[in-house]
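So this block is run-v2.tsv, TSV, C-alpha atoms:
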```tsv
chain	number	residue	atom	x	y	z
A	242	MET	CA	0.00	0.00	0.00
A	243	THR	CA	1.30	3.45	-0.90
A	244	ASP	CA	1.03	6.26	1.66
A	245	SER	CA	0.04	9.39	-0.24
A	246	SER	CA	0.45	11.78	2.70
A	247	LYS	CA	2.47	14.91	2.14
A	248	THR	CA	5.12	13.93	4.68
A	249	GLU	CA	5.88	10.67	2.82
A	250	GLN	CA	6.38	12.30	-0.57
A	251	ALA	CA	9.84	13.04	-1.83
A	252	PRO	CA	10.57	16.76	-1.36
A	253	SER	CA	10.07	18.70	-4.55
A	254	THR	CA	10.37	22.42	-3.79
A	255	ARG	CA	13.78	23.71	-2.71
A	256	VAL	CA	13.65	26.66	-0.30
A	257	LEU	CA	16.65	28.95	-0.58
A	258	VAL	CA	16.92	31.45	2.27
A	259	ILE	CA	19.34	34.29	1.58
A	260	GLY	CA	20.11	36.21	4.76
A	261	GLY	CA	22.54	38.91	5.69
A	262	PHE	CA	22.54	42.33	7.26
A	263	LEU	CA	20.89	45.33	5.67
A	264	GLY	CA	22.76	46.39	2.54
A	265	ALA	CA	24.58	43.10	1.92
A	266	GLY	CA	23.22	42.81	-1.62
A	267	LYS	CA	20.48	40.27	-0.98
A	268	THR	CA	18.09	41.67	-3.60
A	269	THR	CA	20.76	41.72	-6.31
A	270	THR	CA	21.73	38.16	-5.41
A	271	ILE	CA	18.09	37.08	-5.55
A	272	LEU	CA	17.66	38.76	-8.93
A	273	THR	CA	20.73	37.04	-10.38
A	274	ALA	CA	19.73	33.66	-8.92
A	275	ALA	CA	16.15	34.05	-10.15
A	276	ARG	CA	17.28	34.78	-13.70
A	277	ARG	CA	19.59	31.77	-13.55
A	278	ILE	CA	16.76	29.47	-12.39
A	279	LEU	CA	14.41	30.67	-15.14
A	280	ALA	CA	17.13	30.43	-17.78
A	281	ASP	CA	17.61	26.78	-16.78
A	282	GLY	CA	13.88	26.15	-17.30
A	283	GLY	CA	12.96	26.13	-13.62
A	284	ARG	CA	9.86	27.52	-11.94
A	285	LEU	CA	10.33	30.12	-9.24
A	286	GLY	CA	8.61	31.95	-6.38
A	287	ILE	CA	10.01	34.69	-4.15
A	288	VAL	CA	9.00	35.67	-0.60
A	289	THR	CA	10.19	39.02	0.75
A	290	ASN	CA	9.92	40.22	4.33
A	291	ASP	CA	9.92	43.44	6.30
A	292	GLN	CA	8.96	44.94	9.64
A	293	GLY	CA	6.63	47.34	7.81
A	294	VAL	CA	4.84	47.75	4.47
A	295	ASP	CA	5.66	49.46	1.16
A	296	LEU	CA	8.84	47.54	0.34
A	297	VAL	CA	11.29	48.58	-2.34
A	298	ASP	CA	12.37	44.96	-2.87
A	299	THR	CA	8.85	43.64	-3.47
A	300	ASN	CA	8.07	46.39	-5.95
A	301	PHE	CA	11.41	46.03	-7.74
A	302	LEU	CA	11.29	42.23	-8.10
A	303	ALA	CA	7.64	42.28	-9.20
A	304	HIS	CA	8.47	44.91	-11.83
A	305	GLU	CA	11.19	42.56	-13.08
A	306	GLY	CA	8.44	40.04	-13.80
A	307	PHE	CA	8.84	37.56	-10.93
A	308	SER	CA	6.12	35.97	-8.83
A	309	VAL	CA	6.59	37.72	-5.48
A	310	VAL	CA	4.66	37.64	-2.22
A	311	ASP	CA	5.61	39.45	0.96
A	312	VAL	CA	5.31	38.95	4.69
A	313	THR	CA	5.03	42.36	6.36
A	314	GLY	CA	4.62	43.72	9.86
A	315	GLY	CA	7.38	41.56	11.37
A	316	CYS	CA	10.06	39.02	10.57
A	317	PHE	CA	9.43	35.51	9.24
A	318	CYS	CA	9.98	33.98	12.67
A	319	CYS	CA	7.45	36.22	14.45
A	320	ASN	CA	5.00	35.80	11.56
A	321	TYR	CA	5.71	32.12	10.95
A	322	ASP	CA	2.09	31.22	10.28
A	323	GLU	CA	1.78	33.88	7.57
A	324	PHE	CA	5.16	32.89	6.12
A	325	ALA	CA	4.13	29.21	6.02
A	326	SER	CA	0.75	30.11	4.52
A	327	LYS	CA	2.29	32.15	1.71
A	328	LEU	CA	4.93	29.51	1.10
A	329	ARG	CA	2.19	26.91	0.80
A	330	ALA	CA	0.15	29.17	-1.52
A	331	LEU	CA	3.19	29.59	-3.77
A	332	GLU	CA	3.64	25.82	-3.83
A	333	LEU	CA	0.07	25.34	-4.99
A	334	SER	CA	-0.22	28.24	-7.42
A	335	GLU	CA	3.23	28.32	-9.04
A	336	LYS	CA	4.44	24.76	-8.38
A	337	PRO	CA	7.94	26.20	-8.11
A	338	ASP	CA	11.13	24.21	-8.26
A	339	VAL	CA	12.70	26.86	-6.03
A	340	VAL	CA	11.33	29.41	-3.58
A	341	ILE	CA	13.79	32.13	-2.61
A	342	ALA	CA	13.07	33.73	0.76
A	343	GLU	CA	14.64	37.01	1.88
A	344	PRO	CA	14.31	37.59	5.64
A	345	VAL	CA	14.44	41.00	7.31
A	346	GLY	CA	18.01	42.32	7.23
A	347	SER	CA	18.23	42.64	11.02
A	348	CYS	CA	16.81	39.15	11.68
A	349	THR	CA	18.84	36.29	13.14
A	350	ASP	CA	18.28	32.88	14.78
A	351	LEU	CA	16.78	31.63	11.52
A	352	ILE	CA	17.80	28.00	11.95
A	353	ALA	CA	15.90	27.65	15.23
A	354	THR	CA	12.86	29.71	14.24
A	355	ILE	CA	12.40	29.00	10.52
A	356	PHE	CA	14.51	26.07	9.28
A	357	ARG	CA	13.78	23.55	12.01
A	358	PRO	CA	10.05	24.37	12.20
A	359	LEU	CA	9.76	23.96	8.42
A	360	ALA	CA	11.71	20.70	8.59
A	361	ILE	CA	9.13	19.13	10.95
A	362	ASP	CA	6.00	20.95	9.71
A	363	PRO	CA	3.63	18.24	8.43
A	364	ALA	CA	2.19	20.67	5.85
A	365	PHE	CA	5.48	20.65	3.95
A	366	SER	CA	7.97	18.32	2.37
A	367	LEU	CA	10.73	20.68	1.37
A	368	LYS	CA	14.38	20.65	0.49
A	369	LEU	CA	15.94	23.27	2.75
A	370	ALA	CA	19.01	24.61	0.97
A	371	PRO	CA	22.01	25.68	3.05
A	372	LEU	CA	21.41	29.00	4.81
A	373	THR	CA	23.46	31.60	2.97
A	374	VAL	CA	24.42	34.75	4.84
A	375	LEU	CA	25.78	37.54	2.66
A	376	ALA	CA	28.42	39.91	3.99
A	377	ASP	CA	29.02	43.42	2.74
A	378	PRO	CA	32.77	44.25	2.79
A	379	ARG	CA	32.14	47.45	4.75
A	380	ARG	CA	30.39	45.48	7.50
A	381	VAL	CA	33.22	42.96	7.69
A	382	GLU	CA	35.72	45.80	7.98
A	383	LYS	CA	33.77	47.13	10.97
A	384	LEU	CA	33.91	43.72	12.65
A	385	ILE	CA	37.68	43.74	12.15
A	386	ALA	CA	37.90	47.27	13.58
A	387	GLU	CA	35.87	46.19	16.62
A	388	GLU	CA	38.13	43.18	17.17
A	389	ARG	CA	41.22	45.40	16.97
A	390	GLY	CA	39.73	47.86	19.43
A	391	THR	CA	39.57	50.78	17.00
A	392	LEU	CA	35.76	50.70	16.97
A	393	PRO	CA	33.59	50.16	20.05
A	394	PRO	CA	31.04	47.32	20.02
A	395	THR	CA	27.84	48.35	18.25
A	396	GLU	CA	24.31	47.01	17.96
A	397	ILE	CA	24.74	46.51	14.23
A	398	ASN	CA	27.93	44.49	14.70
A	399	TYR	CA	26.15	42.27	17.23
A	400	LEU	CA	23.33	41.49	14.83
A	401	PHE	CA	25.73	40.92	11.94
A	402	ARG	CA	27.96	38.62	13.98
A	403	THR	CA	25.04	36.44	15.13
A	404	GLN	CA	23.86	36.14	11.52
A	405	LEU	CA	27.28	34.98	10.38
A	406	ASP	CA	27.54	32.58	13.30
A	407	GLU	CA	24.53	30.50	12.20
A	408	ALA	CA	25.26	30.44	8.46
A	409	ASP	CA	25.75	27.21	6.54
A	410	ILE	CA	27.60	29.25	3.92
A	411	ILE	CA	29.12	32.70	4.34
A	412	VAL	CA	29.38	34.75	1.17
A	413	LEU	CA	31.51	37.87	0.93
A	414	ASN	CA	29.59	39.81	-1.69
A	415	LYS	CA	30.58	42.80	-3.85
A	416	VAL	CA	34.15	41.55	-4.35
A	417	ASP	CA	34.26	43.54	-7.59
A	418	THR	CA	34.75	46.58	-5.33
A	419	LEU	CA	37.84	45.10	-3.60
A	420	THR	CA	41.51	44.77	-4.39
A	421	ALA	CA	42.93	41.26	-4.38
A	422	ASP	CA	44.76	41.91	-1.10
A	423	ARG	CA	41.65	43.27	0.59
A	424	ARG	CA	39.60	40.32	-0.59
A	425	THR	CA	42.16	37.93	0.88
A	426	GLU	CA	42.19	39.80	4.18
A	427	LEU	CA	38.40	39.86	4.56
A	428	THR	CA	37.85	36.22	3.59
A	429	GLY	CA	40.70	35.20	5.89
A	430	PHE	CA	39.07	37.04	8.79
A	431	LEU	CA	35.72	35.36	8.12
A	432	GLU	CA	37.30	31.91	7.87
A	433	LYS	CA	39.15	32.40	11.16
A	434	SER	CA	36.22	33.97	13.03
A	435	PHE	CA	33.51	31.58	11.78
A	436	PRO	CA	35.17	28.19	11.22
A	437	GLY	CA	33.45	25.03	10.09
A	438	ARG	CA	31.64	26.37	7.03
A	439	PRO	CA	32.54	27.48	3.50
A	440	VAL	CA	33.47	31.12	3.00
A	441	MET	CA	33.00	32.21	-0.58
A	442	ALA	CA	33.75	35.47	-2.38
A	443	ILE	CA	31.37	36.53	-5.15
A	444	SER	CA	29.92	39.48	-6.96
A	445	ALA	CA	26.18	39.20	-7.59
A	446	THR	CA	26.51	42.28	-9.80
A	447	THR	CA	29.21	41.03	-12.18
A	448	GLY	CA	28.56	37.31	-11.72
A	449	GLU	CA	32.09	36.56	-10.51
A	450	SER	CA	32.14	33.14	-8.76
A	451	PHE	CA	28.35	33.22	-8.64
A	452	ASP	CA	28.01	29.81	-10.30
A	453	GLU	CA	30.18	28.16	-7.65
A	454	TRP	CA	27.95	29.46	-4.86
A	455	PHE	CA	24.76	28.64	-6.74
A	456	SER	CA	25.90	25.07	-7.35
A	457	LEU	CA	26.29	24.57	-3.59
A	458	VAL	CA	22.84	25.85	-2.67
A	459	ALA	CA	21.19	24.16	-5.65
A	460	SER	CA	22.35	20.70	-4.56
A	461	GLY	CA	23.14	20.82	-0.85
A	462	LEU	CA	20.93	20.81	2.24
A	463	SER	CA	21.09	22.83	5.43
A	464	ALA	CA	22.81	21.06	8.31
A	465	LEU	CA	20.16	22.59	10.62
A	466	ASP	CA	22.97	23.17	13.09
A	467	GLY	CA	22.60	26.88	13.80
A	468	GLY	CA	25.15	29.04	15.54
A	469	SER	CA	27.81	27.89	17.95
A	470	GLU	CA	26.53	30.42	20.48
A	471	PRO	CA	22.86	30.73	21.51
A	472	VAL	CA	21.16	34.01	20.66
A	473	GLU	CA	20.57	36.17	23.72
A	474	TYR	CA	17.14	37.61	22.98
A	475	ASP	CA	17.29	40.63	25.27
A	476	THR	CA	20.50	41.72	23.53
A	477	TYR	CA	19.02	40.88	20.14
A	478	ALA	CA	15.91	42.94	20.92
A	479	ALA	CA	17.94	45.91	22.17
A	480	ALA	CA	20.10	45.83	19.05
A	481	GLU	CA	17.08	45.84	16.75
A	482	ALA	CA	15.35	48.54	18.81
A	483	ALA	CA	18.34	50.83	18.27
A	484	LEU	CA	17.36	51.02	14.62
A	485	GLY	CA	14.82	53.50	13.31
A	486	TRP	CA	12.77	51.93	10.52
A	487	LEU	CA	11.02	54.04	7.86
A	488	ASN	CA	8.97	53.12	4.79
A	489	ALA	CA	7.46	55.89	2.66
A	490	ALA	CA	5.53	55.75	-0.60
A	491	GLY	CA	3.42	57.89	-2.89
A	492	THR	CA	2.85	58.99	-6.47
A	493	VAL	CA	5.05	61.84	-7.65
A	494	VAL	CA	3.62	64.21	-10.28
A	495	PHE	CA	6.08	66.60	-11.92
A	496	ARG	CA	5.00	69.82	-13.61
A	497	ASN	CA	7.52	69.24	-16.41
A	498	PRO	CA	9.33	66.12	-17.70
A	499	THR	CA	12.04	65.45	-15.12
A	500	ASP	CA	15.20	63.41	-14.77
A	501	GLY	CA	13.99	60.81	-12.26
A	502	ASN	CA	17.49	59.45	-11.70
A	503	ALA	CA	18.71	62.87	-10.56
A	504	PHE	CA	15.58	63.31	-8.40
A	505	LEU	CA	16.18	59.99	-6.66
A	506	THR	CA	19.90	60.68	-6.21
A	507	ALA	CA	19.22	64.11	-4.71
A	508	ILE	CA	16.82	62.67	-2.13
A	509	VAL	CA	19.17	59.89	-1.02
A	510	GLU	CA	22.28	62.09	-0.92
A	511	ASP	CA	20.44	64.79	1.03
A	512	ILE	CA	19.25	62.26	3.63
A	513	ARG	CA	22.77	60.84	3.86
A	514	ASP	CA	24.41	64.26	4.26
A	515	ARG	CA	21.99	65.37	6.98
A	516	PHE	CA	22.59	62.22	8.98
A	517	ALA	CA	26.34	62.44	8.42
A	518	ALA	CA	26.30	65.94	9.90
A	519	ASP	CA	24.63	64.53	13.03
A	520	GLN	CA	26.92	61.44	13.10
A	521	VAL	CA	23.96	59.11	12.59
A	522	GLU	CA	24.82	55.70	11.13
A	523	ILE	CA	22.70	54.63	8.19
A	524	ALA	CA	22.33	50.85	8.05
A	525	HIS	CA	20.61	50.85	4.66
A	526	LEU	CA	18.69	53.27	2.48
A	527	LYS	CA	16.83	52.14	-0.66
A	528	ALA	CA	14.84	54.26	-3.07
A	529	TYR	CA	12.76	53.15	-6.03
A	530	ILE	CA	10.81	55.07	-8.63
A	531	VAL	CA	8.72	53.47	-11.36
A	532	SER	CA	6.72	54.95	-14.23
A	533	ASP	CA	4.37	53.08	-16.54
A	534	THR	CA	7.27	51.78	-18.62
A	535	ASP	CA	10.51	52.22	-16.69
A	536	ALA	CA	12.06	52.08	-13.23
A	537	ALA	CA	15.13	53.10	-11.25
A	538	LYS	CA	16.47	51.69	-7.98
A	539	LEU	CA	19.39	52.88	-5.91
A	540	SER	CA	20.77	52.12	-2.49
A	541	LEU	CA	23.16	53.35	0.17
A	542	VAL	CA	24.75	50.92	2.64
A	543	ALA	CA	26.42	53.34	5.07
A	544	THR	CA	26.52	57.00	5.95
A	545	ASP	CA	29.97	57.32	4.38
A	546	ALA	CA	29.10	55.29	1.26
A	547	PRO	CA	28.26	56.49	-2.26
A	548	VAL	CA	24.85	55.85	-3.81
A	549	GLU	CA	24.70	52.82	-6.09
A	550	PHE	CA	22.15	52.33	-8.88
A	551	SER	CA	20.79	48.85	-9.61
A	552	SER	CA	18.78	50.20	-12.52
A	553	ARG	CA	18.21	53.61	-14.10
A	554	LEU	CA	15.39	55.34	-15.93
A	555	ALA	CA	16.03	55.64	-19.63
A	556	GLY	CA	14.41	59.07	-20.01
A	557	PRO	CA	12.46	61.87	-18.31
A	558	ILE	CA	9.26	61.15	-16.39
A	559	THR	CA	6.19	63.14	-15.44
A	560	THR	CA	4.36	60.72	-13.12
A	561	ALA	CA	5.85	57.84	-11.14
A	562	ALA	CA	5.42	55.79	-7.98
A	563	LEU	CA	8.05	56.47	-5.32
A	564	VAL	CA	9.09	54.10	-2.52
A	565	ILE	CA	11.78	54.84	0.09
A	566	ASN	CA	13.01	52.44	2.78
A	567	THR	CA	15.46	53.76	5.37
A	568	ARG	CA	17.09	51.98	8.33
A	569	ALA	CA	19.34	54.02	10.59
A	570	VAL	CA	20.61	54.12	14.17
A	571	VAL	CA	18.33	56.98	15.17
A	572	GLY	CA	14.95	57.47	16.81
A	573	PRO	CA	11.95	56.94	14.52
A	574	GLU	CA	10.66	60.49	15.11
A	575	LYS	CA	13.87	62.12	13.90
A	576	LEU	CA	14.11	59.66	11.03
A	577	ARG	CA	10.64	60.55	9.86
A	578	ARG	CA	11.26	64.28	10.23
A	579	VAL	CA	14.45	64.20	8.16
A	580	VAL	CA	13.03	62.06	5.35
A	581	GLU	CA	9.78	64.02	5.09
A	582	THR	CA	11.70	67.32	5.02
A	583	VAL	CA	14.04	66.10	2.30
A	584	ILE	CA	11.18	64.80	0.14
A	585	GLU	CA	9.19	68.01	0.58
A	586	GLU	CA	12.16	70.20	-0.37
A	587	SER	CA	13.07	68.00	-3.36
A	588	LEU	CA	9.50	68.22	-4.65
A	589	GLY	CA	9.44	71.99	-4.19
A	590	VAL	CA	12.62	72.54	-6.19
A	591	ARG	CA	11.09	70.60	-9.09
A	592	GLU	CA	7.59	72.08	-8.85
A	593	ALA	CA	6.20	68.64	-8.14
A	594	ARG	CA	3.74	67.09	-5.70
A	595	CYS	CA	3.37	63.67	-4.11
A	596	ASP	CA	-0.16	62.25	-4.08
A	597	ASN	CA	-1.34	59.59	-1.65
A	598	PHE	CA	1.83	60.05	0.39
A	599	ARG	CA	2.12	57.61	3.29
A	600	VAL	CA	4.89	57.01	5.76
A	601	GLU	CA	5.50	54.78	8.74
A	602	SER	CA	8.44	55.14	11.11
A	603	PHE	CA	9.10	52.97	14.14
A	604	SER	CA	11.61	50.82	15.99
A	605	PRO	CA	11.19	47.04	15.72
A	606	ALA	CA	9.30	45.36	18.54
A	607	TYR	CA	10.82	42.69	20.77
A	608	PRO	CA	11.27	39.54	18.64
A	609	ARG	CA	8.90	36.81	19.80
A	610	PRO	CA	9.15	33.86	17.40
A	611	VAL	CA	6.14	31.60	17.04
A	612	HIS	CA	8.41	28.55	17.17
A	613	ARG	CA	11.93	28.18	18.48
A	614	ILE	CA	13.44	24.73	18.35
A	615	VAL	CA	16.58	24.98	20.42
A	616	TRP	CA	20.01	23.51	19.83
A	617	GLY	CA	20.12	19.74	19.83
A	618	SER	CA	16.37	19.18	19.54
A	619	VAL	CA	16.45	18.26	15.85
```

Can you dump the structure from the file as structure tokens?
Amino acid sequence: MTDSSKTEQAPSTRVLVIGGFLGAGKTTTILTAARRILADGGRLGIVTNDQGVDLVDTNFLAHEGFSVVDVTGGCFCCNYDEFASKLRALELSEKPDVVIAEPVGSCTDLIATIFRPLAIDPAFSLKLAPLTVLADPRRVEKLIAEERGTLPPTEINYLFRTQLDEADIIVLNKVDTLTADRRTELTGFLEKSFPGRPVMAISATTGESFDEWFSLVASGLSALDGGSEPVEYDTYAAAEAALGWLNAAGTVVFRNPTDGNAFLTAIVEDIRDRFAADQVEIAHLKAYIVSDTDAAKLSLVATDAPVEFSSRLAGPITTAALVINTRAVVGPEKLRRVVETVIEESLGVREARCDNFRVESFSPAYPRPVHRIVWGSV
């Protein structure tokens, strides 16, 4: 007799979770992986995640033509039931070979709160790919500075370190921005500090060594081991709460055809410069503008970093949807005040208005995962 229950079926859908701190290049990595999967004839679904609503990533990936759903209002672990429900809906509607999931950039403890619960959830029979945690070179440099005593311990470094500690695979991203010597130094530090797992160096932008990483996650499975040190939730909560979180969106209407790339750049650079003057650390700032036929996306990964375009508008625009996501080590009230002021002034200079403008600004609540299967219980 054949048992047709879900739990007895061979796993079909591979779930690829790509973690990493804010600004590590997760969206670019997802985009490159998604194109690779489709080019190979595979079927794909994507699940994005954020503490709030109006996400740049969701809008950007959907505009690129992918099947995207999002889990908002909290991380995957605190919204596990919604995450599982949307994962199941994707399974049924898209029948994907691969689902790529992008957790909140400040989230950690994913093995205990997402991987292990999915592994024993009777509603699923999934292949859980190795947990990849991406590392931005600037963030790694700050871990090195902290270890050397030239930078005091920070909330961001704590979150980043705990993410790296539970990874199945650590990926130093954006290596196209590094010299050979710097690449060797950063990968060497990661290998020494987080032993027992592969450390790879790739560029999701140029494709350098991308195939080597993709081959690992396309065939391997997560060890479900988690970090060598348990996550201390009070410290985790305090680190997240130090971040101000802002999502803003609306429809911009220009009086005359306008260079949307310059408009977006001016907003992001003005926000950066105002925070730099107050010595506020930006964890990540993303801005996205999309017209009926075209879109532009840029990001900023630190207060002292340049803006980087992922895509640009080909020509002037008159009406477009605008989405801005900002994460910074500052109170949500000040964060909101700065961003709203910058947008208002940028609109005024260009004789433009923003219809249906909405903004939310807050600090993340204490993380309370629905499930947490502790070390050694799987």

Would you write out, as a tab-separated table, a table of all residues in stretch 335-388 of chain A that have an atom no more than 10 Å from an atom of stretch 610-615 of chain A, listing for each the closest atom pair and the distance in Å to one decimal, considering all atoms listed in the file and ordering rows by chain and rising residue number?
```
residue	atom	partner	partner_atom	distance
A:Asp350	CA	A:Arg613	CA	8.7
A:Leu351	CA	A:Arg613	CA	9.2
A:Ile352	CA	A:Ile614	CA	8.4
A:Ala353	CA	A:Ile614	CA	4.9
A:Thr354	CA	A:Arg613	CA	4.6
A:Ile355	CA	A:His612	CA	7.8
A:Phe356	CA	A:Ile614	CA	9.2
A:Arg357	CA	A:Ile614	CA	6.5
A:Pro358	CA	A:His612	CA	6.7
A:Leu359	CA	A:His612	CA	10.0
```

Point to revise | Within 10 Å of A:Phe301 using all atoms listed in the file, minus same-chain residues under 3 positions, as a ChimeraX atom specification | key: /A:268,272,296-298,304-307,309,529-531,536-538,551-552,564

Exercise for review: Check the smallest atom-to-atom distance from each of A:Val493, A:Ala517, A:Val548, A:Val440 to A:Leu563 using only C-alpha atoms, then report the winner.
Suggested key: A:Val493

Point to revise | Spatial neighbours of A:Arg402, 12 Å, only C-alpha atoms, chain gap at least 2 places, as a count of residues only | key: 38

Exercise for review: Could you jot down the atom CA of A:Gly501 to atom CA of A:Asp596 separation for me, Å, one decimal place?
Suggested key: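 We find that atom CA of A:Gly501 and atom CA of A:Asp596 lie 16.4 Å from each other.
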
Practice item. Excluding A:Val288 and residues on its chain fewer than 2 positions from it, collect all residues at most 6 Å away from it, counting all atoms listed in the file, and give them as a list in words. Key: Val309, Val310, Asp311 and Ala342 of chain A

Restrict the selected residues to C-alpha atoms and save them as a PDB file, keeping the file's coordinate frame.
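Writing done, so here's again_30.pdb:
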```pdb
ATOM      1  CA  VAL A 309       6.590  37.720  -5.480  1.00  0.00           C
ATOM      2  CA  VAL A 310       4.660  37.640  -2.220  1.00  0.00           C
ATOM      3  CA  ASP A 311       5.610  39.450   0.960  1.00  0.00           C
ATOM      4  CA  ALA A 342      13.070  33.730   0.760  1.00  0.00           C
TER       5      ALA A 342
END
```

Can you pull out the residues contacting A:Arg515? Cut-off 12 Å, using all atoms listed in the file, and skip same-chain residues under 2 positions away; I want them as an mmCIF file with C-alpha atoms, in the frame of the given file.
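File selection_4.cif, as written:
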```cif
data_model
loop_
_atom_site.group_PDB
_atom_site.id
_atom_site.type_symbol
_atom_site.label_atom_id
_atom_site.label_comp_id
_atom_site.auth_asym_id
_atom_site.auth_seq_id
_atom_site.Cartn_x
_atom_site.Cartn_y
_atom_site.Cartn_z
ATOM 1 C CA ILE A 508 16.820 62.670 -2.130
ATOM 2 C CA VAL A 509 19.170 59.890 -1.020
ATOM 3 C CA GLU A 510 22.280 62.090 -0.920
ATOM 4 C CA ASP A 511 20.440 64.790 1.030
ATOM 5 C CA ILE A 512 19.250 62.260 3.630
ATOM 6 C CA ARG A 513 22.770 60.840 3.860
ATOM 7 C CA ALA A 517 26.340 62.440 8.420
ATOM 8 C CA ALA A 518 26.300 65.940 9.900
ATOM 9 C CA ASP A 519 24.630 64.530 13.030
ATOM 10 C CA GLN A 520 26.920 61.440 13.100
ATOM 11 C CA VAL A 521 23.960 59.110 12.590
ATOM 12 C CA GLU A 522 24.820 55.700 11.130
ATOM 13 C CA ILE A 523 22.700 54.630 8.190
ATOM 14 C CA THR A 544 26.520 57.000 5.950
ATOM 15 C CA ASP A 545 29.970 57.320 4.380
ATOM 16 C CA LYS A 575 13.870 62.120 13.900
ATOM 17 C CA LEU A 576 14.110 59.660 11.030
ATOM 18 C CA ARG A 578 11.260 64.280 10.230
ATOM 19 C CA VAL A 579 14.450 64.200 8.160
ATOM 20 C CA VAL A 580 13.030 62.060 5.350
ATOM 21 C CA THR A 582 11.700 67.320 5.020
ATOM 22 C CA VAL A 583 14.040 66.100 2.300
#
```

Practice item. Work out how far atom CA of A:Arg591 is from atom CA of A:Arg577, in Å to one decimal. Key: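 One can read the atom CA of A:Arg577 to atom CA of A:Arg591 distance as 21.5 Å.
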
Study note, to complete from the structure: Counting all atoms listed in the file, the residue among A:Pro378, A:Gly264, A:Pro605, A:Gly346 that lies closest to A:Pro573 is A:Pro605

Practice item. Up to 9 Å from (8.1, 20.9, 2.7) in the file's coordinates: name the residues, counting all atoms listed in the file, as a VMD selection string. Key: chain A and resid 247 to 248 252 to 256 329 359 to 369

Exercise for review: Tell me, in Å to one decimal, how far atom CA of A:Ile271 is from atom CA of A:Lys327.
Suggested key: 18.1 Å

Review point. Pick the closest to A:Glu332 from A:Leu285, A:Ala555, A:Val312, A:Leu588: which is it, counting all atoms listed in the file?
Key: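 Closest to A:Glu332, using all atoms listed in the file: A:Leu285.
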
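Closest approach to A:Thr446 among A:Thr499, A:Thr299, A:Thr428, A:Thr418 is made by A:Thr418 (distances from only C-alpha atoms).
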